[in-house]
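See below for model.txt, which holds compact mmCIF, C-alpha atoms and all ligand atoms.
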# COMPACT_ATOMS: atom_id res chain seq x y z
CA MET X 1 3.40 62.77 41.50
CA SER X 2 0.43 64.80 40.42
CA ILE X 3 -0.98 64.50 36.94
CA ARG X 4 0.20 67.21 34.53
CA ASN X 5 -0.49 65.76 31.10
CA VAL X 6 -3.63 64.11 29.78
CA LEU X 7 -4.53 62.21 26.62
CA VAL X 8 -8.16 62.69 25.57
CA THR X 9 -9.35 60.25 22.90
CA GLY X 10 -12.37 61.58 21.03
CA GLY X 11 -11.24 65.03 22.17
CA ALA X 12 -12.55 66.69 19.00
CA GLY X 13 -16.06 65.52 19.88
CA TYR X 14 -18.70 67.18 21.91
CA ILE X 15 -17.97 66.18 25.51
CA GLY X 16 -14.25 65.69 24.94
CA SER X 17 -13.71 69.17 23.49
CA HIS X 18 -15.27 70.88 26.50
CA LEU X 19 -13.09 68.81 28.79
CA VAL X 20 -10.01 69.74 26.74
CA ASP X 21 -10.82 73.43 27.24
CA ALA X 22 -11.29 72.98 30.99
CA LEU X 23 -8.02 71.05 31.31
CA VAL X 24 -6.05 73.59 29.26
CA ALA X 25 -7.50 76.36 31.46
CA ARG X 26 -6.16 74.46 34.47
CA ASP X 27 -2.69 74.28 32.90
CA TYR X 28 -2.68 70.63 31.97
CA ALA X 29 -0.76 69.67 28.83
CA VAL X 30 -3.47 68.08 26.70
CA THR X 31 -3.16 65.78 23.68
CA VAL X 32 -6.17 64.76 21.62
CA LEU X 33 -6.41 61.55 19.60
CA ASP X 34 -9.37 61.64 17.23
CA ASN X 35 -10.02 60.22 13.75
CA LEU X 36 -12.58 62.92 12.83
CA GLU X 37 -15.35 60.39 12.26
CA PRO X 38 -17.31 61.77 9.23
CA GLN X 39 -20.73 61.32 10.84
CA VAL X 40 -19.69 63.75 13.59
CA HIS X 41 -17.26 66.01 11.69
CA ARG X 42 -18.85 66.59 8.32
CA SER X 43 -16.12 69.01 7.20
CA GLY X 44 -13.41 66.38 7.67
CA THR X 45 -11.20 68.96 9.40
CA TRP X 46 -10.51 69.84 13.03
CA PRO X 47 -13.53 71.75 14.40
CA SER X 48 -13.47 75.55 14.72
CA TYR X 49 -13.47 75.19 18.51
CA ALA X 50 -10.26 73.11 18.58
CA ASN X 51 -8.11 74.51 21.38
CA PRO X 52 -4.89 76.17 20.11
CA LYS X 53 -3.09 75.19 23.31
CA ALA X 54 -3.79 71.47 22.91
CA THR X 55 -1.97 69.06 20.59
CA TYR X 56 -4.14 67.28 18.03
CA VAL X 57 -3.28 63.92 16.52
CA ARG X 58 -5.51 62.49 13.82
CA GLY X 59 -5.71 58.74 14.24
CA ASP X 60 -7.82 55.79 15.17
CA VAL X 61 -8.01 54.20 18.63
CA ARG X 62 -7.83 50.82 16.92
CA ASP X 63 -4.37 51.64 15.55
CA ARG X 64 -1.68 50.59 18.00
CA ALA X 65 1.07 52.43 16.13
CA VAL X 66 -0.53 55.78 16.91
CA PHE X 67 -2.24 54.99 20.23
CA GLU X 68 0.64 53.35 22.12
CA PRO X 69 3.18 56.20 22.06
CA LEU X 70 0.48 58.66 23.16
CA VAL X 71 -0.51 56.49 26.12
CA ILE X 72 3.14 56.12 27.13
CA ALA X 73 3.67 59.89 26.96
CA ASN X 74 0.80 60.80 29.32
CA GLN X 75 -0.10 60.43 32.99
CA ALA X 76 -3.85 60.17 32.45
CA VAL X 77 -6.05 58.81 29.68
CA VAL X 78 -9.61 60.00 29.18
CA HIS X 79 -11.11 57.53 26.73
CA PHE X 80 -14.10 59.09 24.95
CA ALA X 81 -13.56 58.03 21.32
CA ALA X 82 -16.54 55.92 20.37
CA ALA X 83 -19.29 55.28 17.87
CA VAL X 84 -22.26 56.92 19.58
CA SER X 85 -25.79 55.93 18.58
CA VAL X 86 -28.20 53.44 20.08
CA GLY X 87 -30.34 53.05 16.96
CA GLN X 88 -27.48 52.77 14.49
CA SER X 89 -25.70 50.19 16.62
CA MET X 90 -28.57 47.81 15.95
CA TYR X 91 -27.60 47.55 12.28
CA GLN X 92 -23.88 48.46 12.32
CA VAL X 93 -22.97 45.79 14.85
CA ASP X 94 -19.45 45.13 13.64
CA ARG X 95 -18.45 48.83 13.56
CA TYR X 96 -19.80 49.55 17.05
CA VAL X 97 -18.13 46.56 18.67
CA ASP X 98 -14.91 47.19 16.81
CA VAL X 99 -14.51 50.89 17.66
CA ASN X 100 -15.88 50.78 21.19
CA THR X 101 -15.02 47.37 22.61
CA ARG X 102 -11.86 46.59 20.64
CA GLY X 103 -10.57 50.17 20.85
CA THR X 104 -10.80 49.93 24.64
CA ALA X 105 -9.26 46.47 24.63
CA LEU X 106 -6.28 47.91 22.77
CA LEU X 107 -5.89 50.71 25.33
CA LEU X 108 -5.86 48.13 28.14
CA ASP X 109 -3.45 45.90 26.26
CA ILE X 110 -1.09 48.86 26.00
CA LEU X 111 -1.47 49.66 29.71
CA VAL X 112 -0.73 46.09 30.70
CA ASN X 113 2.17 45.42 28.34
CA THR X 114 4.20 48.62 28.16
CA LYS X 115 6.16 50.71 30.62
CA HIS X 116 4.06 53.82 31.20
CA ALA X 117 3.27 56.44 33.84
CA VAL X 118 -0.54 56.43 33.63
CA GLU X 119 -2.09 57.24 37.01
CA LYS X 120 -5.71 57.60 35.99
CA VAL X 121 -8.01 56.23 33.33
CA ILE X 122 -11.48 57.67 32.78
CA VAL X 123 -13.72 55.77 30.37
CA ALA X 124 -17.03 57.12 29.10
CA SER X 125 -19.86 54.84 30.11
CA SER X 126 -23.55 55.53 29.71
CA ILE X 127 -27.03 55.43 31.14
CA GLY X 128 -27.44 52.67 28.54
CA VAL X 129 -25.78 50.08 30.81
CA TYR X 130 -28.86 50.08 33.04
CA GLY X 131 -31.38 49.30 30.36
CA GLU X 132 -34.53 50.32 32.18
CA GLY X 133 -34.15 52.60 35.17
CA ALA X 134 -35.12 51.70 38.74
CA TYR X 135 -38.78 51.34 39.68
CA ALA X 136 -40.94 50.83 42.75
CA CYS X 137 -43.97 48.55 42.92
CA ALA X 138 -46.68 49.48 45.43
CA VAL X 139 -46.68 45.85 46.62
CA HIS X 140 -43.14 44.56 45.96
CA GLY X 141 -41.04 47.64 46.63
CA PRO X 142 -37.88 48.21 44.51
CA VAL X 143 -38.00 46.30 41.22
CA ALA X 144 -35.83 46.21 38.09
CA PRO X 145 -38.02 45.29 35.11
CA ILE X 146 -36.38 44.47 31.77
CA ILE X 147 -37.32 46.00 28.43
CA ARG X 148 -41.05 46.05 27.68
CA PRO X 149 -42.30 43.15 25.54
CA GLU X 150 -43.13 44.07 21.94
CA GLN X 151 -46.73 42.98 22.49
CA GLN X 152 -47.11 45.53 25.31
CA LEU X 153 -45.72 48.30 23.10
CA ALA X 154 -47.99 47.21 20.25
CA GLU X 155 -50.93 47.85 22.60
CA ARG X 156 -49.56 51.33 23.45
CA ASP X 157 -49.31 50.31 27.08
CA TRP X 158 -46.20 52.42 27.64
CA GLU X 159 -45.64 52.27 31.40
CA GLN X 160 -43.45 49.56 32.91
CA ARG X 161 -45.03 46.70 34.82
CA CYS X 162 -43.84 44.84 37.93
CA PRO X 163 -41.99 41.60 37.08
CA HIS X 164 -43.84 39.90 39.99
CA CYS X 165 -47.45 41.17 40.05
CA HIS X 166 -47.59 42.78 36.60
CA GLN X 167 -49.11 46.02 37.94
CA HIS X 168 -47.81 49.34 36.68
CA VAL X 169 -44.75 50.59 38.59
CA THR X 170 -43.37 54.05 39.40
CA SER X 171 -39.99 55.34 38.20
CA VAL X 172 -37.41 56.19 40.92
CA PRO X 173 -33.85 57.59 40.54
CA THR X 174 -31.39 54.88 39.52
CA PRO X 175 -28.43 54.17 41.83
CA GLU X 176 -25.23 52.63 40.42
CA ASP X 177 -25.91 49.27 42.06
CA LYS X 178 -29.17 48.66 40.23
CA ALA X 179 -29.01 45.41 38.24
CA LEU X 180 -27.58 46.17 34.80
CA TYR X 181 -29.39 45.14 31.65
CA ARG X 182 -28.47 46.01 28.07
CA ASP X 183 -31.01 46.07 25.30
CA ASN X 184 -28.99 47.43 22.37
CA ILE X 185 -25.51 46.88 20.94
CA TYR X 186 -24.22 50.40 21.75
CA SER X 187 -25.06 49.93 25.42
CA MET X 188 -23.42 46.51 25.43
CA THR X 189 -20.22 48.05 24.15
CA LYS X 190 -20.39 50.77 26.83
CA TYR X 191 -20.85 48.05 29.42
CA HIS X 192 -17.87 46.12 28.08
CA GLN X 193 -15.72 49.26 28.03
CA GLU X 194 -16.63 50.07 31.62
CA GLU X 195 -16.19 46.53 32.95
CA MET X 196 -12.90 45.98 31.16
CA VAL X 197 -11.38 49.29 32.30
CA LEU X 198 -12.47 48.86 35.93
CA LEU X 199 -11.23 45.25 35.99
CA ILE X 200 -7.79 46.00 34.55
CA GLY X 201 -7.58 49.12 36.72
CA LYS X 202 -8.22 47.10 39.89
CA THR X 203 -5.97 44.23 38.89
CA TYR X 204 -2.98 46.44 38.06
CA SER X 205 -3.71 49.25 40.58
CA ILE X 206 -4.29 51.88 37.92
CA PRO X 207 -7.02 54.16 39.33
CA ALA X 208 -9.95 54.04 36.90
CA VAL X 209 -13.36 55.70 36.88
CA ALA X 210 -16.36 55.08 34.62
CA PRO X 211 -18.68 58.09 34.43
CA ARG X 212 -22.15 56.92 33.38
CA PHE X 213 -23.41 59.92 31.45
CA PHE X 214 -27.13 60.57 31.42
CA ASN X 215 -28.52 62.95 28.72
CA VAL X 216 -25.73 65.47 28.24
CA TYR X 217 -26.76 68.65 26.39
CA GLY X 218 -25.05 71.90 25.45
CA PRO X 219 -23.08 73.75 22.77
CA ARG X 220 -21.06 71.76 20.20
CA GLN X 221 -23.43 68.83 20.22
CA SER X 222 -23.78 67.96 16.54
CA LEU X 223 -26.96 69.54 15.12
CA SER X 224 -26.70 67.49 11.95
CA ASN X 225 -26.14 64.02 13.35
CA PRO X 226 -29.60 62.40 13.40
CA TYR X 227 -28.37 59.40 15.37
CA ALA X 228 -27.35 60.88 18.71
CA GLY X 229 -28.53 63.53 21.17
CA VAL X 230 -32.28 63.94 21.31
CA ALA X 231 -32.24 67.63 22.34
CA ALA X 232 -29.93 68.53 19.43
CA ILE X 233 -32.04 66.49 17.01
CA TRP X 234 -35.22 68.33 18.06
CA LEU X 235 -33.51 71.70 17.96
CA SER X 236 -32.31 70.96 14.44
CA ARG X 237 -35.87 70.00 13.42
CA LEU X 238 -37.33 73.21 14.87
CA MET X 239 -34.68 75.36 13.24
CA ASN X 240 -35.60 73.74 9.92
CA GLY X 241 -39.31 74.48 10.43
CA LYS X 242 -40.24 70.90 11.26
CA ALA X 243 -41.89 69.39 14.33
CA PRO X 244 -39.70 67.57 16.84
CA VAL X 245 -40.73 63.91 16.75
CA VAL X 246 -41.52 62.58 20.23
CA PHE X 247 -41.91 58.81 20.49
CA GLU X 248 -44.61 57.06 22.57
CA ASP X 249 -46.67 59.61 24.54
CA GLY X 250 -43.73 61.83 25.50
CA GLY X 251 -44.01 60.89 29.17
CA GLN X 252 -40.56 59.20 29.28
CA LEU X 253 -38.57 60.52 32.25
CA ARG X 254 -34.92 61.42 31.80
CA ASP X 255 -32.13 63.40 33.44
CA PHE X 256 -30.72 66.17 31.21
CA VAL X 257 -27.39 67.43 32.49
CA SER X 258 -25.51 70.47 31.20
CA ILE X 259 -22.14 69.90 29.57
CA HIS X 260 -20.63 72.38 32.07
CA ASP X 261 -21.70 70.29 35.05
CA VAL X 262 -20.42 67.18 33.28
CA VAL X 263 -17.01 68.78 32.76
CA ASP X 264 -16.88 69.83 36.43
CA CYS X 265 -17.53 66.24 37.43
CA LEU X 266 -14.87 64.89 35.06
CA VAL X 267 -12.25 67.26 36.46
CA LEU X 268 -13.13 66.05 39.97
CA MET X 269 -12.70 62.44 38.79
CA LEU X 270 -9.26 63.28 37.44
CA GLU X 271 -8.08 65.26 40.46
CA ARG X 272 -9.67 63.37 43.35
CA SER X 273 -9.47 59.71 44.25
CA GLY X 274 -12.89 59.26 45.91
CA ALA X 275 -14.51 57.55 42.92
CA ASP X 276 -11.52 55.45 41.84
CA TYR X 277 -12.45 51.96 40.63
CA LEU X 278 -16.15 52.85 40.53
CA PRO X 279 -18.86 53.57 37.99
CA VAL X 280 -20.46 56.95 38.76
CA ASN X 281 -23.75 58.43 37.55
CA VAL X 282 -23.27 61.85 35.98
CA GLY X 283 -26.60 63.65 35.85
CA SER X 284 -28.28 66.76 37.18
CA GLY X 285 -30.38 64.90 39.73
CA GLU X 286 -33.47 66.59 38.21
CA THR X 287 -36.19 64.60 36.49
CA VAL X 288 -38.07 65.81 33.41
CA THR X 289 -40.28 64.30 30.69
CA ILE X 290 -38.99 64.34 27.15
CA LEU X 291 -42.15 66.12 26.03
CA ASP X 292 -41.33 68.93 28.47
CA ILE X 293 -37.90 69.22 26.88
CA ALA X 294 -39.35 69.31 23.34
CA ARG X 295 -41.80 72.04 24.40
CA MET X 296 -39.14 74.02 26.26
CA LEU X 297 -36.91 74.05 23.18
CA GLY X 298 -39.79 75.39 21.06
CA ARG X 299 -40.64 78.06 23.62
CA LEU X 300 -37.04 79.26 24.05
CA LEU X 301 -36.58 79.30 20.29
CA GLY X 302 -39.76 81.35 19.85
CA SER X 303 -41.21 78.65 17.55
CA SER X 304 -44.94 77.98 17.24
CA ILE X 305 -44.38 74.43 15.93
CA ALA X 306 -45.78 71.88 18.39
CA PRO X 307 -44.01 68.56 18.96
CA GLU X 308 -45.38 65.61 17.00
CA ILE X 309 -46.25 62.90 19.52
CA THR X 310 -46.10 59.65 17.57
CA GLN X 311 -47.98 57.31 19.93
CA THR X 312 -45.62 54.69 18.58
CA GLY X 313 -42.10 53.75 19.49
CA ARG X 314 -38.87 51.95 18.84
CA LYS X 315 -38.54 48.33 19.93
CA PHE X 316 -35.32 48.87 21.89
CA ASP X 317 -36.29 51.99 23.85
CA ILE X 318 -36.57 52.10 27.61
CA ARG X 319 -39.42 53.90 29.36
CA HIS X 320 -37.79 55.82 32.22
CA ASN X 321 -34.30 56.32 33.60
CA THR X 322 -33.22 59.16 35.88
CA ALA X 323 -30.01 59.60 37.83
CA ASP X 324 -29.42 59.11 41.53
CA ILE X 325 -26.27 61.25 41.88
CA THR X 326 -25.59 60.50 45.55
CA ARG X 327 -22.34 58.70 44.73
CA ALA X 328 -20.91 61.62 42.73
CA ARG X 329 -21.93 64.03 45.49
CA GLU X 330 -20.46 61.94 48.31
CA THR X 331 -17.26 60.62 46.72
CA LEU X 332 -16.31 63.67 44.64
CA GLY X 333 -18.17 66.63 46.11
CA PHE X 334 -20.00 67.04 42.77
CA ALA X 335 -22.73 69.73 42.84
CA PRO X 336 -24.53 70.44 39.54
CA LYS X 337 -25.24 74.14 39.06
CA VAL X 338 -26.87 74.75 35.66
CA THR X 339 -30.69 74.80 35.55
CA LEU X 340 -32.53 73.43 32.50
CA GLU X 341 -33.74 76.93 31.62
CA GLN X 342 -30.19 78.35 31.72
CA GLY X 343 -28.64 75.39 29.93
CA PHE X 344 -31.15 75.25 27.10
CA THR X 345 -31.05 79.02 26.64
CA GLU X 346 -27.29 78.71 26.15
CA LEU X 347 -27.72 75.76 23.76
CA ILE X 348 -30.11 77.77 21.59
CA GLU X 349 -27.91 80.88 21.54
CA TRP X 350 -25.04 78.72 20.38
CA ALA X 351 -27.16 76.87 17.77
CA ARG X 352 -28.27 80.18 16.20
CA THR X 353 -24.66 81.13 15.52
CA SER X 354 -23.13 77.67 15.01
CA PRO X 355 -20.73 77.81 12.05
CA ASP X 356 -21.73 74.30 10.98
CA GLY X 357 -25.46 75.08 10.85
CA ALA X 358 -28.26 72.61 11.50
CA VAL X 359 -29.00 70.19 8.67
CA ASP X 360 -31.89 67.92 9.52
CA PHE X 361 -31.26 64.28 8.54
CA PHE X 362 -33.75 62.86 11.04
CA ASP X 363 -36.18 61.54 8.41
CA ARG X 364 -33.39 59.50 6.87
CA ALA X 365 -32.49 57.97 10.25
CA LEU X 366 -36.17 57.18 10.86
CA ASP X 367 -36.42 55.51 7.43
CA GLU X 368 -33.44 53.32 8.32
CA LEU X 369 -35.13 52.20 11.54
CA ARG X 370 -38.34 51.49 9.66
CA ALA X 371 -36.53 49.51 6.95
CA LYS X 372 -34.81 47.39 9.60
CA GLY X 373 -38.13 46.65 11.34
CA LEU X 374 -37.07 48.46 14.52
CA LEU X 375 -40.25 50.51 14.89
CA VAL X 376 -43.15 49.01 16.84
CA GLN X 377 -45.95 47.57 14.69
CA HIS X 378 -49.52 48.23 15.89
CA ALA X 379 -52.69 46.37 15.05
CA PRO X 380 -55.09 48.64 13.13
CA ARG X 381 -57.44 50.48 15.48
N1 LIG G 401 -23.50 62.77 24.69
C1 LIG G 401 -24.09 61.99 25.60
O1 LIG G 401 -25.19 62.34 26.11
C2 LIG G 401 -23.44 60.71 26.05
C3 LIG G 401 -24.17 59.88 26.89
C4 LIG G 401 -23.60 58.69 27.31
C5 LIG G 401 -22.30 58.38 26.95
N2 LIG G 401 -21.58 59.18 26.10
C6 LIG G 401 -20.21 58.78 25.75
O2 LIG G 401 -19.35 59.88 25.89
C7 LIG G 401 -18.30 59.82 24.93
C8 LIG G 401 -18.24 61.12 24.15
O3 LIG G 401 -19.50 61.31 23.51
P1 LIG G 401 -19.83 62.60 22.66
O4 LIG G 401 -21.26 62.87 22.85
O5 LIG G 401 -18.82 63.64 22.93
O6 LIG G 401 -19.66 62.00 21.17
P2 LIG G 401 -18.99 62.64 19.87
O7 LIG G 401 -19.42 61.76 18.74
O8 LIG G 401 -19.24 64.11 19.78
O9 LIG G 401 -17.43 62.45 20.13
C9 LIG G 401 -16.77 61.25 19.88
C10 LIG G 401 -15.45 61.58 19.19
O10 LIG G 401 -14.76 60.35 18.98
C11 LIG G 401 -14.19 60.38 17.69
N3 LIG G 401 -14.03 58.99 17.23
C12 LIG G 401 -15.01 58.13 16.84
N4 LIG G 401 -14.47 56.96 16.48
C13 LIG G 401 -13.12 57.07 16.65
C14 LIG G 401 -12.02 56.20 16.43
N5 LIG G 401 -12.22 54.96 15.94
N6 LIG G 401 -10.78 56.66 16.73
C15 LIG G 401 -10.57 57.92 17.19
N7 LIG G 401 -11.58 58.79 17.41
C16 LIG G 401 -12.84 58.37 17.13
C17 LIG G 401 -15.14 61.18 16.83
O11 LIG G 401 -14.51 61.74 15.69
C18 LIG G 401 -15.62 62.24 17.82
O12 LIG G 401 -14.84 63.41 17.74
C19 LIG G 401 -18.60 58.60 24.06
O13 LIG G 401 -17.79 57.53 24.50
C20 LIG G 401 -20.06 58.31 24.31
O14 LIG G 401 -20.34 56.93 24.18
C21 LIG G 401 -22.15 60.34 25.64
ZN ZN G 402 -45.35 44.09 42.16
Could I get this file's structure written as structure tokens?
Ligand SMILES: NC(=O)c1ccc[n+]([C@@H]2O[C@H](COP(=O)([O-])OP(=O)(O)OC[C@H]3O[C@@H](n4cnc5c(N)ncnc54)[C@H](O)[C@@H]3O)[C@@H](O)[C@H]2O)c1
Ligand SMILES: [Zn+2]
Amino acid sequence: MSIRNVLVTGGAGYIGSHLVDALVARDYAVTVLDNLEPQVHRSGTWPSYANPKATYVRGDVRDRAVFEPLVIANQAVVHFAAAVSVGQSMYQVDRYVDVNTRGTALLLDILVNTKHAVEKVIVASSIGVYGEGAYACAVHGPVAPIIRPEQQLAERDWEQRCPHCHQHVTSVPTPEDKALYRDNIYSMTKYHQEEMVLLIGKTYSIPAVAPRFFNVYGPRQSLSNPYAGVAAIWLSRLMNGKAPVVFEDGGQLRDFVSIHDVVDCLVLMLERSGADYLPVNVGSGETVTILDIARMLGRLLGSSIAPEITQTGRKFDIRHNTADITRARETLGFAPKVTLEQGFTELIEWARTSPDGAVDFFDRALDELRAKGLLVQHAPR
């Protein structure tokens, strides 16, 4: 039987809402479960872009009374509801583990202990499960260094070093089978979610896929949430006449992927079986420095404000991580289409007319990191 109805948890959020629209357009019956987390939905009401053809249920994924009947009533579950911030997870440990890990545990408990018709589970994983990306040493070939020691960061020696010979190493695209390494609580919870869903999926023959999102950007990303989404945070700064703050020297390599390509990939995961029981990188396959992104945003916005390059960093940050998307291409036929220039032009057009506006709370988030001792300390020069 082919899937006709889908439950999307976190479907009022940024990625989930775009998927809801795509599924409705393809004639799926879509139900959203979302608690309208205040940090994301400042108005406390369903967002203006809520889809009139979807059914919206306000509730928490930790509440069995609301979650269980929705799981039982659907043939697929896309589990996106989560607390989403690396930095914040380092001082709201209980909340992150509770929403992300326990919420997913409850979903699996329902799948294992009730009579249901679920034929596919998709759980949002993240680039965070890798910790550092993949690297190559000129002498030792492929290497997987762990997070940089604080002492190295204190000396502003930003580039990764080989775990064997200690020489600087070069970033290469990260395949799914790179050794995983978590260096913050948020990423640990994403890892747990992914592992738990794939394990229960395999054990009970419920096809499950764990998309590992790289840096997703596009319309509807919160412009006023200083904890998540670096492109949106910088855009919000620029729109408020302030410089985007770029940590370290700005040379960090990332993969920025348009929300539209992400949604295409998610639909393929739902409709095809090629990636069942696997984690799958979801990126553009293009590599860019974060400083290039900060500058591109300023240019497209017509702003003369230059990025502020801090030459300092956060203790838990990785240096480079870019996506090898071979698996998504080969198992699903995924082919990203949106260029950075197109995607960021669209993001800016949307931001200029966004009904919720862009309120910049970044300084507050930075103060919290500073107060918790999460910024690198440097010896006076
Ligand atoms: N945006 C990215 O670049 C990115 C990267 C890696 C992974 N992810 C993952 O993708 C998923 C979606 O991310 P997003 O960027 O759309 O985030 P988002 O914050 O916009 O959406 C998350 C939604 O979940 C809801 N939610 C939070 N806690 C809940 C709870 N306890 N019960 C019910 N609903 C709850 C929120 O109200 C929100 O609408 C998340 O699981 C996130 O970890 C996102
Ligand atoms: Zn080496």
Select from range 70-135 of chain X every residue with an atom at most 10 Å from any atom of range 179-199 of chain X, then for each give the shortest pair of atoms and their distance in Å to one decimal, using all atoms listed in the file, rows by chain and rising number, as JSON lines.
{"residue": "X:His79", "atom": "CA", "partner": "X:Gln193", "partner_atom": "CA", "distance": 9.6}
{"residue": "X:Ala82", "atom": "CA", "partner": "X:Lys190", "partner_atom": "CA", "distance": 9.1}
{"residue": "X:Ala83", "atom": "CA", "partner": "X:Tyr186", "partner_atom": "CA", "distance": 7.9}
{"residue": "X:Val84", "atom": "CA", "partner": "X:Tyr186", "partner_atom": "CA", "distance": 7.1}
{"residue": "X:Ser85", "atom": "CA", "partner": "X:Tyr186", "partner_atom": "CA", "distance": 6.6}
{"residue": "X:Val86", "atom": "CA", "partner": "X:Tyr186", "partner_atom": "CA", "distance": 5.3}
{"residue": "X:Gly87", "atom": "CA", "partner": "X:Asn184", "partner_atom": "CA", "distance": 7.9}
{"residue": "X:Gln88", "atom": "CA", "partner": "X:Tyr186", "partner_atom": "CA", "distance": 8.3}
{"residue": "X:Ser89", "atom": "CA", "partner": "X:Tyr186", "partner_atom": "CA", "distance": 5.3}
{"residue": "X:Met90", "atom": "CA", "partner": "X:Ile185", "partner_atom": "CA", "distance": 5.9}
{"residue": "X:Tyr91", "atom": "CA", "partner": "X:Ile185", "partner_atom": "CA", "distance": 8.9}
{"residue": "X:Gln92", "atom": "CA", "partner": "X:Ile185", "partner_atom": "CA", "distance": 8.9}
{"residue": "X:Val93", "atom": "CA", "partner": "X:Ile185", "partner_atom": "CA", "distance": 6.7}
{"residue": "X:Asp94", "atom": "CA", "partner": "X:Ile185", "partner_atom": "CA", "distance": 9.6}
{"residue": "X:Tyr96", "atom": "CA", "partner": "X:Tyr186", "partner_atom": "CA", "distance": 6.5}
{"residue": "X:Val97", "atom": "CA", "partner": "X:Thr189", "partner_atom": "CA", "distance": 6.1}
{"residue": "X:Asp98", "atom": "CA", "partner": "X:Thr189", "partner_atom": "CA", "distance": 9.1}
{"residue": "X:Val99", "atom": "CA", "partner": "X:Thr189", "partner_atom": "CA", "distance": 9.1}
{"residue": "X:Asn100", "atom": "CA", "partner": "X:Thr189", "partner_atom": "CA", "distance": 5.9}
{"residue": "X:Thr101", "atom": "CA", "partner": "X:Thr189", "partner_atom": "CA", "distance": 5.5}
{"residue": "X:Arg102", "atom": "CA", "partner": "X:Gln193", "partner_atom": "CA", "distance": 8.8}
{"residue": "X:Gly103", "atom": "CA", "partner": "X:Gln193", "partner_atom": "CA", "distance": 8.9}
{"residue": "X:Thr104", "atom": "CA", "partner": "X:Gln193", "partner_atom": "CA", "distance": 6.0}
{"residue": "X:Ala105", "atom": "CA", "partner": "X:Met196", "partner_atom": "CA", "distance": 7.5}
{"residue": "X:Leu107", "atom": "CA", "partner": "X:Val197", "partner_atom": "CA", "distance": 9.0}
{"residue": "X:Leu108", "atom": "CA", "partner": "X:Val197", "partner_atom": "CA", "distance": 7.0}
{"residue": "X:Val121", "atom": "CA", "partner": "X:Val197", "partner_atom": "CA", "distance": 7.8}
{"residue": "X:Ile122", "atom": "CA", "partner": "X:Val197", "partner_atom": "CA", "distance": 8.4}
{"residue": "X:Val123", "atom": "CA", "partner": "X:Glu194", "partner_atom": "CA", "distance": 6.5}
{"residue": "X:Ala124", "atom": "CA", "partner": "X:Glu194", "partner_atom": "CA", "distance": 7.5}
{"residue": "X:Ser125", "atom": "CA", "partner": "X:Lys190", "partner_atom": "CA", "distance": 5.3}
{"residue": "X:Ser126", "atom": "CA", "partner": "X:Lys190", "partner_atom": "CA", "distance": 6.4}
{"residue": "X:Ile127", "atom": "CA", "partner": "X:Ser187", "partner_atom": "CA", "distance": 8.2}
{"residue": "X:Gly128", "atom": "CA", "partner": "X:Ser187", "partner_atom": "CA", "distance": 4.8}
{"residue": "X:Val129", "atom": "CA", "partner": "X:Ser187", "partner_atom": "CA", "distance": 5.4}
{"residue": "X:Tyr130", "atom": "CA", "partner": "X:Leu180", "partner_atom": "CA", "distance": 4.5}
{"residue": "X:Gly131", "atom": "CA", "partner": "X:Tyr181", "partner_atom": "CA", "distance": 4.8}
{"residue": "X:Glu132", "atom": "CA", "partner": "X:Tyr181", "partner_atom": "CA", "distance": 7.3}
{"residue": "X:Gly133", "atom": "CA", "partner": "X:Leu180", "partner_atom": "CA", "distance": 9.2}
{"residue": "X:Ala134", "atom": "CA", "partner": "X:Ala179", "partner_atom": "CA", "distance": 8.8}
- [ ] Identify, counting all atoms listed in the file, the protein, DNA and RNA residues located within 7 Å of ligand LIG 401 (chain G), and give them as a PyMOL selection string.
- [x] chain X and resi 9-16+33-37+40-41+59-62+80-84+99+124-127+190+212-217+221-222+229
- [ ] May I have the residues within 7 Å of range 335-337 of chain X as a PyMOL selection string, using all atoms listed in the file and disregarding those fewer than 3 positions away in the same chain?
- [x] chain X and resi 261+284+329
Sorted by chain and rising residue number, which residues of chain X lie within 10 Å of ligand ZN 402 (chain G), and what are their closest atom pairs and distances in Å to one decimal, counting all atoms listed in the file, as a tab-separated table?
residue	atom	partner	partner_atom	distance
X:Ala136	CA	G:ZN402	ZN	8.1
X:Cys137	CA	G:ZN402	ZN	4.7
X:Ala138	CA	G:ZN402	ZN	6.4
X:Val139	CA	G:ZN402	ZN	5.0
X:His140	CA	G:ZN402	ZN	4.4
X:Gly141	CA	G:ZN402	ZN	7.2
X:Pro142	CA	G:ZN402	ZN	8.8
X:Val143	CA	G:ZN402	ZN	7.7
X:Arg161	CA	G:ZN402	ZN	7.8
X:Cys162	CA	G:ZN402	ZN	4.6
X:Pro163	CA	G:ZN402	ZN	6.6
X:His164	CA	G:ZN402	ZN	5.0
X:Cys165	CA	G:ZN402	ZN	4.2
X:His166	CA	G:ZN402	ZN	6.1
X:Gln167	CA	G:ZN402	ZN	6.0
X:His168	CA	G:ZN402	ZN	8.0
X:Val169	CA	G:ZN402	ZN	7.4
Open item on the list: Counting all atoms listed in the file, which residue out of X:Met239, X:Arg299, X:Thr345, X:Ile233 sits closest to Ala365 in chain X?
Closed with: X:Ile233
TODO: Just give me the gap between CA of Val6 in chain X and CA of Pro279 in chain X in Å, one decimal is fine.
DONE: 20.3 Å
TODO: Write out as an NGL selection string the residues lying within 6 Å of Val246 in chain X, counting only C-alpha atoms and excluding same-chain residues fewer than 3 positions away.
DONE: :X and (250 or 308-309)
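Atom to atom, CA of Arg237 in chain X and CA of Leu374 in chain X stand 21.6 Å apart.
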